[in-house]
Structures are given as structure tokens and as C-alpha cells.
Amino acid sequence: MTTSIPPLAGQFQLQDYENTRETFRWEDVHTQFNWYSTGNVNMAHECVDRHVENGKGDRIALRFLADDGRETTTTYAQLKEETDHLATVLAHRGVQEGDFVFVFLPKEPSVYVAMLAAIKLGAVVAPLFEAFMEDGVRDRMNDCEGKYLITNEAFYKRVPRGELPALSHVFLTDGKKTNEAEGIFSLPSELAAGERDPHILRWVSLDSGLNIHYTSGSTGKPKGIVHAHRVMIQQYQTGKWVLDLREDDVYWCTAHPGWVTGTVYGVFAPLLHGVEIVIVSGRFTAEGWYQALEKTGVTVWYSAPTAFRMLMAQGAELTNQFDLSSLRHIMSVGEPLNPEVIYWGQKAFNLRIHDTWWMTETGAQLVANLPSQPIKPGSMGRAIPGITVAVLDDEGNELPRGEIGHLAVQAPWPALMKEVWRNEEKFQSYFPFEGWYVSGDLARQDDDGYVFFQGRSDDMINSSGERIGPFEVESTLISHPAVAEAGVIGKPDPVRGEIVKAFLVLRNGYEESESLKEELYRYVKTHLAGHAAPREIQIVSSLPKTKISGKILRRELKRLELEKLSLQR
Ligand code: WTA
């Protein structure tokens, strides 16, 4: 039995968990929004314009730390102007309510501006992760026939235009010249030439599409999870209860908006609360991250176990070189948070690291460790007020506390996905039992309701908190001339949680060699994405398959791998 860690002294936004659970209703939150009194709905209005109308335009919205040490800030008033201006250009070029607008940019303020400008027009914004290569971009953009793309010259090189028949407009944030015939629009010149309409924002409804995130499961290509503007109800409330945001907070979410955490808790939730968002570009280095925390005076920090483990590996000597005294609240998401990391966090920051659980499909946090409540290391926390979770057996019956089963959530809730784009069957598959959303995660609950993650019930891979579908990696691998068959699994890894491991059958005429493995790794990296590339490749003469359909049995590959690992210990 691990002992629980008591909350730190202090007053938090959700102080009395039990009582709030009893009395809270989601409708109570509606009064927080402009639309409650006006009837006019738009996420971008609630995130930006409302604060300016309320006299908070001079507050800093974005503080950007560039690779080269440059620091720039954008106030809420400037963010309103910039998003109005870009929205005016986009509207002039045809973007309308319900259109998909893809955003493919590095982690810098332009992503935030692009996303919010599209949302102002009632368009459905589709942020792409910055590491995607041609295959990743193509499959996502073609699935919803994306017509509009906002990107830059460098990233545009990774957009296979010839394979994207629906794409008609490419807006380049650093483009030199507009070339209408080719559908290329230079944003600097369009912005310089165009008017800025301060009233460009379009009112939509709470159920209108807001954003789409492509996410991987164990089968098929990534699915487009569409969310509606109503997500703001829960994103605001979790921003208050779980992130514990207050107006003067300096907040850093380390995820890129191409991942759902980077959008929901990197853009929407903090802006709904009017706080200052820190944006740090570039690659992870322990020193760079500590510097960012110190320099910007981050008070609330949301990151992921792999990053914490990487910081932990650098040791206390490095941590101690920095003044991190402004930090007051730390959270984690995306993969299991080991108790050792929590204990390290207590030593390194004098703070607890609060694990949180949710998924792209759920639209906001559902289970969390709250700042006012005890943490049981190894547990993701309890269902937040307004949410009921349970552990179900294969028939949909609630299991007694302590038993492992399917982690399920009573549906619906405000941030639940609106649809899976053009895939009603997939959408319905999340609801196999009346009234329950079934997450695909396995868990157990203790007598106090704390939820303990136990793994996935399917083949989805989670490497460094990034959700990777084995099918997508296998598809890319078999498009290489050397590969006849591929089976891809997640192999346990002490730092990344899991790494991608591929079992491959080679085509006749190809021999196993280190250079071929290296080539295949690079092939996935350059065609799909670095995080999906197999760090380990094993060449085999055949793959285990189901007798009837001949489908590759990843489960068997995983079983053999785990067996091998346990023998090595
Ligand atoms: C996993 C990320 C363990 C889980 C917000 C889930 C977690 C998937 C945790 C969703 C956690 C998320 N502990 N595992 N605290 N949080 N996961 O859609 O398997 O990228 O189903 O959303 O990540 O990943 P997604």
C-alpha cells in the first residue's frame, strides 16, 4: 500500500470535493459565458474578445520564447486585432462557417492566431502536429477534404499538394507573393493590403463544429474527432478546478496544439480564464525548459510523464541551478505517471505533480487529482464533479471496487465529441452499453473512488504520451520495397513509457542488416512522423496471424515481447 500525499496548505478553486459532487450541475457554469446573457455563441469571443470588452485588453495573452532567446508578448487587445485581421483575409478568400481550416505551423504565436481566426469565422479548425510528414498530412487532410491550409514555407514542403485534390487555398505566414492561379496566398501581403473588420466574428451555435483532431486507434487510419463550441463549458470549469487558474497566473502547457492537450489546455482553457500563456518553441532540453520556467515565472505548469522522467534523469544538480519559486501547481497527462516521478517532483519543486486523465474523444479532463485533495501515487485521481465513471466487465456490468475492467464514463457530458467525421459506426462503437462511453482503457477503482490505470484493451501505442496507431505505421512500412509484412506494437520503455517496435517479414531479395533497419526507421520518420518511427526492428520469417481472416496478431507479438523482457530481468 502506498501512502497518500496530503494537499499543500492553501485555498483552491475547488475546496470541498464531496460537497461539490453532490450539488454541482453543469448548467451552473453557463452563467460564466457571454452567450448566457446575449445568446451569441463563439469560442473565440469567449477566449479573446470578451476580455477586451471587459477592459482587460492590456493584459498579456501570449508570451513567446523563441529558440534564439528572443521574447515577444501579445496582449489580449493585440490578439483580438490580429485574429480579426486574419479572419477578414480568410473570409475574403472564401472561408465560411463549417469549412475545415488546417493549421500546420510550429509552436509559436502564429498557430494560436491562425486557430482563433478560423474559429472566429465559424470554421472547424484542424491543427496538425508539427512533426508530421507527407503521409501523415495527406491522410488527415484528405479524410475531411480540407480546402484551406495555413502554414509556412518550410512546412509547406511536407504538404503533398498533388495528392490533395480538395485543397484549394494555401495561406503562407511567411509567403512572399500571392499566386491566385496556384492557390498560394502570401499572408504578409494579404494582411498588408486588406482591411481589418473588427466585427468579422460570426455567431454560431453551441453544437456547431469547433475543431477536429485526428487520433489513432488500433485499426485503420486516424479518425477525425470533431468537437463543438459547447466544449467550452467543461474546458472552462476544469481550467478552474483542475488547473486552478486565477487571473494573474502565468501558465505553460508544453504540448503542441496538434495534440488535443495543446489545443484544449494550451489554447482554450487558459484563454477562457484570461491568463498569460507561455509558448516555448524548439526541441526539449532539460536546461531550456528550466530556463523557460525561471525566465517567464510560470506559476501553473501542465506537462507529461516522459518530460518529467527526462528532467528527473538530469538530476537535482541541474534543477538546483534555477529559481523555480514562482511555480505553484503542476499537472501531468497522457500516459501513466509513475509514483517515483511524483516523489521526485516533491523534492525538485516542493510541489505535488497532479495526474489527470482524459482523451481526444472526451474533449476535457474527466478524472483528476485536485489540488485540495490527497494524491494516491499511482492513481489518476477521481472523477471531477459532474462526471461519473465506473469500471465495467465485458457485458457492461459495473464491477466491484478493486477489480480490473473497462474504464467507462456516464454519457453525455458537455465536452464529449460531437461526431467522428463521416464514421457513425466508429462513433457508436464507443457506446456499446446503454448510457456509457467506453474508453478503451483498463482500470480499477479503490473504495474511495480513485482510478488506477492498468493499460489499454486494444493495440494502441502510447509513446511519450503520443497516441500512435500501429496500422498507420504498418501501412507506411509496407510501402517500402523491402517490406512484405509488418506487425507493430508498443514495447515497454523506462523513459518513453513505450517505444514503437516493428516485426517485419522482408521481401525476397532483401537481407537483414543494420543499415536496412536504419533505412526503415528513417523511412517512417520522413514519410509519417518521427514519433511514430520504430526505434526497434526485428526481422522475422513469418508473423502470427488469425486462422480465419489471416489478420496479424499484434497481441501475440506483444505477449512474446513481454515474455522476452521478463526473462531478461
Ligand atoms: C492515455 C490525451 C495513463 C490513455 C489527453 C488514453 C493516460 C489516451 C493518461 C488518450 C493518464 C491519458 N494515465 N494513461 N493520466 N491520460 N492516457 O487522445 O490510454 O492523445 O486513452 O488524449 O492516453 O490519448 P489522447
# chains A, B, ... in the order shown; residues from 1 in each chain; ligands from 1
>>> closest_atom_pairs(of="chain A", to="ligand 1", cutoff="6 Å", atoms="only C-alpha atoms and all ligand atoms", output="tab-separated table")
residue	atom	partner	partner_atom_place_in_ligand_line	distance
A:Thr261	CA	ligand 1	5 (C)	5.4
A:Val333	CA	ligand 1	15 (N)	4.5
A:Gly334	CA	ligand 1	12 (C)	3.5
A:Glu335	CA	ligand 1	14 (N)	3.6
A:Pro336	CA	ligand 1	3 (C)	3.6
A:Asp355	CA	ligand 1	15 (N)	5.3
A:Thr356	CA	ligand 1	15 (N)	4.6
A:Trp357	CA	ligand 1	16 (N)	4.0
A:Trp358	CA	ligand 1	5 (C)	4.9
A:Met359	CA	ligand 1	22 (O)	3.5
A:Thr360	CA	ligand 1	18 (O)	3.7
A:Met380	CA	ligand 1	15 (N)	5.3
A:Asp441	CA	ligand 1	21 (O)	5.4
A:Phe453	CA	ligand 1	3 (C)	5.6
A:Arg456	CA	ligand 1	19 (O)	5.9
A:Glu466	CA	ligand 1	20 (O)	5.8
A:Arg467	CA	ligand 1	20 (O)	5.0
>>> select_by_dssp(residues="range 344-387 of chain A", states="alpha helix (DSSP H)", output="count of residues only")
6
>>> residues_around(residues="Ser372 in chain A", least_positions_apart="6", cutoff="10 Å", atoms="only C-alpha atoms", output="VMD selection string")
chain A and resid 6 to 17 241 to 242 244
>>> select_by_dssp(residues="range 119-181 of chain A", states="strand (DSSP E)", output="PyMOL selection string")
chain A and resi 124-127+148-151+169-172
>>> residues_around(residues="Ile353 in chain A", least_positions_apart="6", cutoff="6 Å", atoms="only C-alpha atoms", output="number ranges by chain")
A: 330-331, 342
>>> write_last_selection(atoms="all heavy atoms", output="PDB file, in the first residue's frame")
ATOM      1  N   ILE A 330       1.480  21.894 -10.522  1.00  0.00           N
ATOM      2  CA  ILE A 330       1.988  21.097 -11.647  1.00  0.00           C
ATOM      3  C   ILE A 330       1.021  19.957 -11.954  1.00  0.00           C
ATOM      4  O   ILE A 330       0.506  19.309 -11.035  1.00  0.00           O
ATOM      5  CB  ILE A 330       3.375  20.482 -11.341  1.00  0.00           C
ATOM      6  CG1 ILE A 330       4.328  21.535 -10.758  1.00  0.00           C
ATOM      7  CG2 ILE A 330       3.983  19.853 -12.589  1.00  0.00           C
ATOM      8  CD1 ILE A 330       5.717  20.989 -10.421  1.00  0.00           C
ATOM      9  N   MET A 331       0.787  19.745 -13.246  1.00  0.00           N
ATOM     10  CA  MET A 331      -0.069  18.636 -13.678  1.00  0.00           C
ATOM     11  C   MET A 331       0.589  17.813 -14.774  1.00  0.00           C
ATOM     12  O   MET A 331       1.484  18.290 -15.464  1.00  0.00           O
ATOM     13  CB  MET A 331      -1.391  19.167 -14.222  1.00  0.00           C
ATOM     14  CG  MET A 331      -2.340  19.680 -13.187  1.00  0.00           C
ATOM     15  SD  MET A 331      -3.416  20.884 -13.953  1.00  0.00           S
ATOM     16  CE  MET A 331      -2.259  22.141 -14.349  1.00  0.00           C
ATOM     17  N   ILE A 342       6.428  11.351  -9.029  1.00  0.00           N
ATOM     18  CA  ILE A 342       5.758  12.226  -8.056  1.00  0.00           C
ATOM     19  C   ILE A 342       6.708  12.517  -6.884  1.00  0.00           C
ATOM     20  O   ILE A 342       6.834  13.665  -6.448  1.00  0.00           O
ATOM     21  CB  ILE A 342       4.443  11.588  -7.549  1.00  0.00           C
ATOM     22  CG1 ILE A 342       3.498  11.358  -8.736  1.00  0.00           C
ATOM     23  CG2 ILE A 342       3.788  12.462  -6.490  1.00  0.00           C
ATOM     24  CD1 ILE A 342       2.163  10.757  -8.351  1.00  0.00           C
TER      25      ILE A 342
END
